[in-house]
file data-v4.pdb (PDB, C-alpha atoms)
MODEL        1
ATOM      1  CA  MET R 383     -13.435  17.530   9.401
ATOM      2  CA  LEU R 384      -9.697  17.016   9.042
ATOM      3  CA  ARG R 385      -6.977  19.555   9.733
ATOM      4  CA  VAL R 386      -4.163  18.723   7.349
ATOM      5  CA  LEU R 387      -0.519  19.609   6.864
ATOM      6  CA  ALA R 388       1.003  18.763   3.455
ATOM      7  CA  VAL R 389       4.799  18.582   3.193
ATOM      8  CA  ASP R 390       6.715  18.543  -0.111
ATOM      9  CA  ASP R 391       9.881  20.394  -1.140
ATOM     10  CA  GLU R 392       8.703  20.665  -4.756
ATOM     11  CA  LYS R 393       6.427  23.684  -4.646
ATOM     12  CA  PRO R 394       4.353  22.945  -7.782
ATOM     13  CA  LEU R 395       3.567  19.471  -6.425
ATOM     14  CA  LEU R 396       2.798  20.924  -2.996
ATOM     15  CA  GLU R 397       0.407  23.452  -4.497
ATOM     16  CA  GLU R 398      -1.361  20.747  -6.492
ATOM     17  CA  LEU R 399      -1.664  18.546  -3.401
ATOM     18  CA  LEU R 400      -3.067  21.434  -1.367
ATOM     19  CA  TYR R 401      -5.548  22.246  -4.121
ATOM     20  CA  LEU R 402      -6.859  18.677  -4.139
ATOM     21  CA  LEU R 403      -7.044  18.503  -0.348
ATOM     22  CA  ARG R 404      -8.863  21.829  -0.045
ATOM     23  CA  SER R 405     -11.362  20.629  -2.656
ATOM     24  CA  ASP R 406     -12.403  17.740  -0.402
ATOM     25  CA  PRO R 407     -15.336  18.708   1.879
ATOM     26  CA  ARG R 408     -13.983  16.395   4.591
ATOM     27  CA  VAL R 409     -10.897  18.630   4.948
ATOM     28  CA  LEU R 410     -11.464  21.597   7.240
ATOM     29  CA  SER R 411      -8.072  23.197   6.605
ATOM     30  CA  ALA R 412      -4.918  22.351   4.649
ATOM     31  CA  GLU R 413      -1.622  24.098   5.233
ATOM     32  CA  GLY R 414       1.641  23.519   3.378
ATOM     33  CA  ALA R 415       5.308  23.226   4.331
ATOM     34  CA  SER R 416       8.054  23.161   1.703
ATOM     35  CA  ASP R 417      10.814  21.600   3.802
ATOM     36  CA  ALA R 418      11.334  19.402   6.846
ATOM     37  CA  THR R 419      12.353  22.284   9.123
ATOM     38  CA  GLU R 420       9.184  24.228   8.408
ATOM     39  CA  ALA R 421       7.128  21.058   8.804
ATOM     40  CA  LEU R 422       8.652  20.205  12.194
ATOM     41  CA  ARG R 423       8.097  23.765  13.417
ATOM     42  CA  ARG R 424       4.432  23.562  12.467
ATOM     43  CA  ILE R 425       4.010  20.042  13.911
ATOM     44  CA  THR R 426       5.701  21.076  17.171
ATOM     45  CA  ARG R 427       3.205  23.921  17.528
ATOM     46  CA  ALA R 428       0.394  21.440  16.899
ATOM     47  CA  LEU R 429       1.689  19.003  19.516
ATOM     48  CA  GLU R 430       2.006  21.783  22.065
ATOM     49  CA  SER R 431      -1.536  22.881  21.266
ATOM     50  CA  GLY R 432      -2.864  19.340  21.706
ATOM     51  CA  PRO R 433      -5.128  17.370  19.345
ATOM     52  CA  ASP R 434      -8.129  19.576  20.183
ATOM     53  CA  GLY R 435      -6.205  22.859  20.348
ATOM     54  CA  PRO R 436      -6.439  25.713  17.851
ATOM     55  CA  ASP R 437      -3.175  24.691  16.156
ATOM     56  CA  GLY R 438      -3.909  20.972  16.086
ATOM     57  CA  ILE R 439      -3.144  18.768  13.061
ATOM     58  CA  ASP R 440      -4.995  15.548  12.380
ATOM     59  CA  VAL R 441      -3.064  14.241   9.364
ATOM     60  CA  VAL R 442       0.303  14.981   7.746
ATOM     61  CA  PHE R 443       0.558  14.210   4.020
ATOM     62  CA  LEU R 444       4.271  13.682   3.767
ATOM     63  CA  ASP R 445       6.713  13.383   0.872
ATOM     64  CA  ILE R 446       9.581  10.953   1.450
ATOM     65  CA  HIS R 447      12.501  12.385  -0.553
ATOM     66  CA  MET R 448      13.310  15.897   0.683
ATOM     67  CA  ALA R 449      16.479  17.850   1.312
ATOM     68  CA  GLY R 450      17.751  17.356   4.858
ATOM     69  CA  LEU R 451      15.432  15.144   6.866
ATOM     70  CA  THR R 452      13.354  12.713   4.834
ATOM     71  CA  GLY R 453       9.683  12.043   5.347
ATOM     72  CA  LEU R 454      10.596   8.753   7.009
ATOM     73  CA  ASP R 455      12.837  10.654   9.467
ATOM     74  CA  ILE R 456       9.956  12.976  10.365
ATOM     75  CA  ALA R 457       7.609  10.009  10.842
ATOM     76  CA  ARG R 458      10.130   8.318  13.160
ATOM     77  CA  LEU R 459      10.348  11.485  15.253
ATOM     78  CA  LEU R 460       6.563  11.710  15.502
ATOM     79  CA  ALA R 461       6.309   8.058  16.551
ATOM     80  CA  GLY R 462       7.881   9.020  19.899
ATOM     81  CA  PHE R 463       4.963  11.254  20.896
ATOM     82  CA  ALA R 464       1.888  10.093  22.771
ATOM     83  CA  GLN R 465      -0.679  11.587  20.367
ATOM     84  CA  PRO R 466       1.025  12.334  17.051
ATOM     85  CA  PRO R 467      -0.945  13.230  13.920
ATOM     86  CA  LEU R 468      -1.662  10.473  11.420
ATOM     87  CA  ILE R 469       0.766  10.040   8.517
ATOM     88  CA  VAL R 470      -0.041   9.563   4.839
ATOM     89  CA  PHE R 471       3.045   9.228   2.638
ATOM     90  CA  VAL R 472       2.859  10.798  -0.830
ATOM     91  CA  THR R 473       5.824   9.788  -2.980
ATOM     92  CA  ALA R 474       6.983   8.871  -6.464
ATOM     93  CA  HIS R 475       8.874   5.851  -5.102
ATOM     94  CA  GLU R 476       7.126   2.548  -4.382
ATOM     95  CA  GLY R 477      10.107   0.943  -2.624
ATOM     96  CA  PHE R 478       9.495   2.459   0.827
ATOM     97  CA  ALA R 479       6.032   1.002   1.471
ATOM     98  CA  VAL R 480       7.223  -1.562   4.010
ATOM     99  CA  GLN R 481       9.075   1.056   6.065
ATOM    100  CA  ALA R 482       6.087   3.365   5.795
ATOM    101  CA  PHE R 483       3.652   0.823   7.214
ATOM    102  CA  ASP R 484       6.131  -0.200   9.894
ATOM    103  CA  LEU R 485       5.787   3.431  10.997
ATOM    104  CA  LYS R 486       1.993   2.980  11.184
ATOM    105  CA  ALA R 487       1.239   5.092   8.129
ATOM    106  CA  VAL R 488      -2.449   5.302   7.254
ATOM    107  CA  ASP R 489      -1.787   5.127   3.523
ATOM    108  CA  TYR R 490       0.905   5.250   0.845
ATOM    109  CA  VAL R 491      -0.059   7.303  -2.212
ATOM    110  CA  LEU R 492       2.054   7.244  -5.365
ATOM    111  CA  LYS R 493       2.728  10.334  -7.477
ATOM    112  CA  PRO R 494       1.387  11.708  -9.722
ATOM    113  CA  VAL R 495      -1.522  11.918  -7.327
ATOM    114  CA  ARG R 496      -4.930  11.068  -8.746
ATOM    115  CA  PRO R 497      -7.885  12.850  -7.077
ATOM    116  CA  GLU R 498      -9.788   9.616  -6.459
ATOM    117  CA  ARG R 499      -6.721   7.986  -4.884
ATOM    118  CA  LEU R 500      -6.192  10.974  -2.598
ATOM    119  CA  ALA R 501      -9.881  10.893  -1.672
ATOM    120  CA  GLU R 502      -9.409   7.278  -0.577
ATOM    121  CA  ALA R 503      -6.477   8.311   1.651
ATOM    122  CA  VAL R 504      -8.674  11.000   3.229
ATOM    123  CA  ARG R 505     -11.401   8.403   3.796
ATOM    124  CA  ARG R 506      -8.957   6.089   5.563
ATOM    125  CA  ALA R 507      -7.721   8.916   7.777
ATOM    126  CA  CYS R 508     -11.311   9.817   8.684
ATOM    127  CA  ALA R 509     -12.064   6.178   9.465
ATOM    128  CA  GLN R 510      -9.016   5.832  11.696
ATOM    129  CA  LEU R 511      -9.954   8.971  13.579
ATOM    130  CA  GLY R 512     -13.465   7.625  13.997
ATOM    131  CA  ARG R 513     -15.038  10.523  12.188
ATOM    132  CA  ALA R 514     -17.712  10.660   9.508
ATOM    133  CA  ALA R 515     -16.125   9.813   6.192
ATOM    134  CA  ALA R 516     -18.879  10.700   3.775
ATOM    135  CA  GLN R 517     -17.751  10.823   0.179
ATOM    136  CA  PRO R 518     -17.725  14.226  -1.562
ATOM    137  CA  PRO R 519     -21.159  15.005  -2.944
ATOM    138  CA  GLY R 520     -21.676  14.262  -6.629
ATOM    139  CA  PRO R 521     -23.664  16.265  -9.158
ATOM    140  CA  ALA R 522     -27.404  16.611  -8.509
ATOM    141  CA  GLN R 523     -29.523  13.958 -10.192
ATOM    142  CA  PRO R 524     -32.963  14.633 -11.685
ATOM    143  CA  ALA R 525     -35.906  13.465  -9.613
ATOM    144  CA  GLY R 526     -37.509  10.197 -10.677
ATOM    145  CA  PRO R 527     -39.157   7.041  -9.399
ATOM    146  CA  LEU R 528     -37.300   5.119  -6.724
ATOM    147  CA  VAL R 529     -36.075   1.757  -8.030
ATOM    148  CA  PRO R 530     -34.470  -0.834  -5.702
ATOM    149  CA  VAL R 531     -30.831  -1.331  -6.650
ATOM    150  CA  GLN R 532     -28.568  -4.128  -5.484
ATOM    151  CA  ARG R 533     -25.346  -2.411  -4.511
ATOM    152  CA  ARG R 534     -22.017  -4.173  -4.630
ATOM    153  CA  PRO R 535     -18.927  -3.215  -2.647
ATOM    154  CA  ALA R 536     -16.698  -0.823  -4.559
ATOM    155  CA  PRO R 537     -13.447  -2.437  -5.777
ATOM    156  CA  GLU R 538     -10.107  -1.512  -4.187
ATOM    157  CA  VAL R 539      -8.832   1.603  -5.916
ATOM    158  CA  THR R 540      -5.278   0.407  -6.408
ATOM    159  CA  VAL R 541      -5.820  -3.313  -7.001
ATOM    160  CA  ALA R 542      -8.411  -4.989  -9.174
ATOM    161  CA  ASP R 543      -8.642  -7.948 -11.503
ATOM    162  CA  ARG R 544      -9.214  -6.887 -15.107
ATOM    163  CA  THR R 545     -10.036 -10.430 -16.123
ATOM    164  CA  ALA R 546      -9.608 -13.759 -14.402
ATOM    165  CA  ASP R 547      -6.121 -13.969 -15.937
ATOM    166  CA  GLN R 548      -4.713 -10.564 -14.997
ATOM    167  CA  ILE R 549      -4.182  -8.317 -12.015
ATOM    168  CA  ALA R 550      -3.966  -4.531 -12.126
ATOM    169  CA  VAL R 551      -0.910  -2.852 -10.616
ATOM    170  CA  GLU R 552      -0.270   0.847 -10.179
ATOM    171  CA  LEU R 553       3.067   2.552 -10.701
ATOM    172  CA  GLY R 554       3.405   6.313 -10.468
ATOM    173  CA  GLY R 555      -0.285   6.846 -11.173
ATOM    174  CA  VAL R 556      -0.259   4.584 -14.241
ATOM    175  CA  THR R 557      -2.249   1.338 -14.124
ATOM    176  CA  ARG R 558      -0.960  -1.648 -16.057
ATOM    177  CA  PHE R 559      -2.146  -5.245 -16.186
ATOM    178  CA  VAL R 560       0.123  -8.178 -15.335
ATOM    179  CA  ALA R 561      -0.730 -11.713 -16.427
ATOM    180  CA  ILE R 562      -1.009 -14.011 -13.414
ATOM    181  CA  ALA R 563       0.794 -16.690 -15.445
ATOM    182  CA  ASP R 564       3.867 -14.403 -15.523
ATOM    183  CA  ILE R 565       4.111 -14.213 -11.724
ATOM    184  CA  ALA R 566       6.725 -16.571 -10.263
ATOM    185  CA  TYR R 567       6.213 -15.800  -6.582
ATOM    186  CA  VAL R 568       4.660 -13.246  -4.257
ATOM    187  CA  GLU R 569       6.280 -11.661  -1.211
ATOM    188  CA  ALA R 570       4.372 -10.169   1.733
ATOM    189  CA  GLN R 571       5.392  -6.593   2.552
ATOM    190  CA  GLY R 572       3.236  -5.241   5.357
ATOM    191  CA  ASP R 573      -0.264  -4.518   4.041
ATOM    192  CA  TYR R 574       1.102  -4.920   0.516
ATOM    193  CA  ALA R 575       2.257  -7.841  -1.605
ATOM    194  CA  ARG R 576       5.112  -7.703  -4.108
ATOM    195  CA  LEU R 577       4.561  -9.682  -7.299
ATOM    196  CA  HIS R 578       7.784 -11.051  -8.796
ATOM    197  CA  THR R 579       7.968 -11.742 -12.538
ATOM    198  CA  ASP R 580      10.894 -12.422 -14.867
ATOM    199  CA  GLU R 581      10.893  -8.746 -15.866
ATOM    200  CA  GLY R 582      10.772  -7.201 -12.394
ATOM    201  CA  SER R 583       8.378  -6.717  -9.492
ATOM    202  CA  HIS R 584       5.191  -4.831  -8.743
ATOM    203  CA  LEU R 585       3.707  -3.717  -5.439
ATOM    204  CA  VAL R 586      -0.049  -4.116  -4.911
ATOM    205  CA  ARG R 587      -2.197  -3.233  -1.925
ATOM    206  CA  ILE R 588      -3.658  -6.623  -1.126
ATOM    207  CA  PRO R 589      -2.807  -9.098   1.654
ATOM    208  CA  LEU R 590      -0.865 -12.243   0.813
ATOM    209  CA  SER R 591      -3.598 -14.354   2.427
ATOM    210  CA  THR R 592      -6.146 -13.003  -0.066
ATOM    211  CA  LEU R 593      -3.929 -13.885  -3.015
ATOM    212  CA  GLU R 594      -3.328 -17.336  -1.517
ATOM    213  CA  GLU R 595      -7.071 -18.005  -1.443
ATOM    214  CA  ARG R 596      -7.751 -16.400  -4.827
ATOM    215  CA  TRP R 597      -4.927 -18.128  -6.711
ATOM    216  CA  ALA R 598      -4.924 -21.584  -5.104
ATOM    217  CA  ALA R 599      -6.657 -23.062  -8.152
ATOM    218  CA  ARG R 600      -3.904 -21.564 -10.339
ATOM    219  CA  GLY R 601      -1.177 -23.578  -8.635
ATOM    220  CA  PHE R 602       0.067 -20.995  -6.143
ATOM    221  CA  VAL R 603       1.062 -22.503  -2.800
ATOM    222  CA  ARG R 604       2.078 -20.943   0.504
ATOM    223  CA  ILE R 605       5.596 -21.972   1.494
ATOM    224  CA  HIS R 606       6.218 -19.434   4.249
ATOM    225  CA  ARG R 607       4.347 -16.681   6.079
ATOM    226  CA  ARG R 608       6.064 -14.280   3.670
ATOM    227  CA  HIS R 609       5.975 -16.182   0.381
ATOM    228  CA  LEU R 610       3.467 -17.590  -2.072
ATOM    229  CA  VAL R 611       4.975 -19.502  -5.016
ATOM    230  CA  ALA R 612       3.683 -20.688  -8.384
ATOM    231  CA  LEU R 613       4.258 -24.448  -8.162
ATOM    232  CA  GLY R 614       5.186 -24.727 -11.828
ATOM    233  CA  ARG R 615       7.920 -22.090 -11.457
ATOM    234  CA  ILE R 616       9.900 -24.006  -8.818
ATOM    235  CA  ASP R 617      13.206 -25.128 -10.350
ATOM    236  CA  GLU R 618      14.742 -26.915  -7.353
ATOM    237  CA  LEU R 619      13.786 -28.191  -3.932
ATOM    238  CA  ARG R 620      16.739 -28.203  -1.543
ATOM    239  CA  LEU R 621      17.097 -30.030   1.772
ATOM    240  CA  ASP R 622      20.040 -28.980   3.907
ATOM    241  CA  ALA R 623      20.618 -29.786   7.595
ATOM    242  CA  GLY R 624      16.922 -29.995   8.335
ATOM    243  CA  THR R 625      15.958 -26.839   6.452
ATOM    244  CA  THR R 626      14.041 -26.710   3.195
ATOM    245  CA  SER R 627      14.273 -24.104   0.454
ATOM    246  CA  VAL R 628      13.227 -23.742  -3.165
ATOM    247  CA  ARG R 629      14.867 -22.034  -6.098
ATOM    248  CA  VAL R 630      12.575 -19.962  -8.276
ATOM    249  CA  GLY R 631      14.658 -18.535 -11.083
ATOM    250  CA  SER R 632      17.516 -16.675  -9.393
ATOM    251  CA  ALA R 633      15.709 -16.421  -6.037
ATOM    252  CA  GLU R 634      16.171 -18.910  -3.208
ATOM    253  CA  LEU R 635      13.221 -18.923  -0.808
ATOM    254  CA  GLN R 636      12.979 -20.583   2.585
ATOM    255  CA  VAL R 637      10.180 -23.069   3.225
ATOM    256  CA  SER R 638       8.775 -23.111   6.746
ATOM    257  CA  ARG R 639       8.493 -26.442   8.549
ATOM    258  CA  ARG R 640       4.702 -26.327   8.611
ATOM    259  CA  HIS R 641       4.593 -26.059   4.797
ATOM    260  CA  ALA R 642       7.533 -28.321   3.891
ATOM    261  CA  ARG R 643       5.706 -31.691   3.806
ATOM    262  CA  GLN R 644       2.744 -30.350   1.829
ATOM    263  CA  LEU R 645       5.109 -28.757  -0.693
ATOM    264  CA  ARG R 646       7.117 -31.973  -1.142
ATOM    265  CA  ASP R 647       3.897 -33.941  -1.675
ATOM    266  CA  LEU R 648       2.629 -31.464  -4.249
ATOM    267  CA  LEU R 649       5.928 -31.490  -6.145
ATOM    268  CA  MET R 650       6.005 -35.298  -6.085
ATOM    269  CA  ARG R 651       2.477 -35.472  -7.503
ATOM    270  CA  GLN R 652       3.396 -32.968 -10.162
ATOM    271  CA  ALA R 653       6.476 -34.961 -11.131
ATOM    272  CA  THR R 654       4.588 -38.285 -11.329
ATOM    273  CA  GLY R 655       1.403 -36.907 -12.813
TER     274      GLY R 655
ENDMDL
END
call {"tool": "encode", "arguments": {"input": "data-v4.pdb", "output": "structure tokens"}}
result
Amino acid sequence: MLRVLAVDDEKPLLEELLYLLRSDPRVLSAEGASDATEALRRITRALESGPDGPDGIDVVFLDIHMAGLTGLDIARLLAGFAQPPLIVFVTAHEGFAVQAFDLKAVDYVLKPVRPERLAEAVRRACAQLGRAAAQPPGPAQPAGPLVPVQRRPAPEVTVADRTADQIAVELGGVTRFVAIADIAYVEAQGDYARLHTDEGSHLVRIPLSTLEERWAARGFVRIHRRHLVALGRIDELRLDAGTTSVRVGSAELQVSRRHARQLRDLLMRQATG
């Protein structure tokens, strides 16, 4: 059972977050703090109490944009302690995911918060703490004969293919579908990948290596540990003083030495094919 502190300087959002957390049977207690000062006071008491003490906190659900210290500032302060509580960021801004995961955040939840997405963050916190992470019980089902059922793994909450030609992305609690053919290149950002299209970019919670394997047949090639590029979207290949780069629209991307020869061969075949 988790002991939780939720921090948000917008009180209606804090109250909604606390309501959802207290509705989860895996949460033993959920307290709120409406500013960074109050949050640090409560966390300090928890650290003095120790992880098993009466004032202990297991997880802090932390907004990023707040008056005074930001959520990232608080997370940096906590990183200096031997046994800090886990951090889950809850924010309306997708652009801080890389910094969040650099600070060892358990999860990064976008506002408006959906109950099922918050439940997944609670599950991940339970898993990291090595505690039972049973899902909240569902409604009782009528008794009946037992029938063997082949169960399949549940899809990732924030990333799923709608069809073979699209990928689902989430922005502020709204799911939209992006055509894979519209993606020019993909950039690794921690546990996330950023999909770049002509219209903008989208952050999805899926490793770059998974996209590399999944989209190889669609002409996406790895050019660097951080970049996956649609071969047909490469406008120029540049060689300069022993370094290789490609231009994809307005972006210039470095090609690592280990991928340079394979990329040149692929582009040559494409040009002569």
call {"tool": "resolve_selection", "arguments": {"input": "data-v4.pdb", "expression": "the PyMOL selection byres ((chain R and resi 565-579) around 7)", "output": "MDAnalysis selection string"}}
result
chainID R and resid 480 483 562:564 580:590 608:612 615
call {"tool": "residues_around", "arguments": {"input": "data-v4.pdb", "residues": "range 410-424 of chain R", "least_positions_apart": "3", "cutoff": "6 Å", "atoms": "all atoms listed in the file", "output": "ChimeraX atom specification"}}
result
/R:383-391,427,451
call {"tool": "resolve_selection", "arguments": {"input": "data-v4.pdb", "expression": "the PyMOL selection byres ((chain R and resi 474) around 10)", "output": "ChimeraX atom specification"}}
result
/R:445-447,471-473,475-477,491-495,553-555
call {"tool": "residues_around", "arguments": {"input": "data-v4.pdb", "residues": "Ser591 in chain R", "least_positions_apart": "4", "cutoff": "9 Å", "atoms": "only C-alpha atoms", "output": "ChimeraX atom specification"}}
result
/R:595-596,604,610
call {"tool": "write_last_selection", "arguments": {"input": "data-v4.pdb", "atoms": "C-alpha atoms", "output": "PDB file, in the frame of the given file"}}
result
ATOM      1  CA  GLU R 595      -7.071 -18.005  -1.443  1.00  0.00           C
ATOM      2  CA  ARG R 596      -7.751 -16.400  -4.827  1.00  0.00           C
ATOM      3  CA  ARG R 604       2.078 -20.943   0.504  1.00  0.00           C
ATOM      4  CA  LEU R 610       3.467 -17.590  -2.072  1.00  0.00           C
TER       5      LEU R 610
END
call {"tool": "resolve_selection", "arguments": {"input": "data-v4.pdb", "expression": "the PyMOL selection byres ((chain R and resi 559) around 6)", "output": "short mmCIF file (atom, residue, chain, number, x, y, z; two decimals) with C-alpha atoms, in the frame of the given file"}}
result
data_model
loop_
_atom_site.label_atom_id
_atom_site.label_comp_id
_atom_site.auth_asym_id
_atom_site.auth_seq_id
_atom_site.Cartn_x
_atom_site.Cartn_y
_atom_site.Cartn_z
CA ILE R 549 -4.18 -8.32 -12.02
CA ALA R 550 -3.97 -4.53 -12.13
CA ARG R 558 -0.96 -1.65 -16.06
CA VAL R 560 0.12 -8.18 -15.34
#
call {"tool": "atom_distance", "arguments": {"input": "data-v4.pdb", "atom1": "CA of Asp440 in chain R", "atom2": "CA of Pro407 in chain R"}}
result
15.1 Å
call {"tool": "residues_around", "arguments": {"input": "data-v4.pdb", "residues": "range 649-654 of chain R", "least_positions_apart": "4", "cutoff": "9 Å", "atoms": "all atoms listed in the file", "output": "ChimeraX atom specification"}}
result
/R:613-614,616,619,644-645
call {"tool": "closest_residue", "arguments": {"input": "data-v4.pdb", "among": "R:Leu429, R:Leu395, R:Leu485, R:Ala642", "to": "Ile456 in chain R", "atoms": "all atoms listed in the file"}}
result
R:Leu485
call {"tool": "closest_residue", "arguments": {"input": "data-v4.pdb", "among": "R:Val441, R:Ala449, R:Ile425, R:Leu459", "to": "Gln510 in chain R", "atoms": "all atoms listed in the file"}}
result
R:Val441
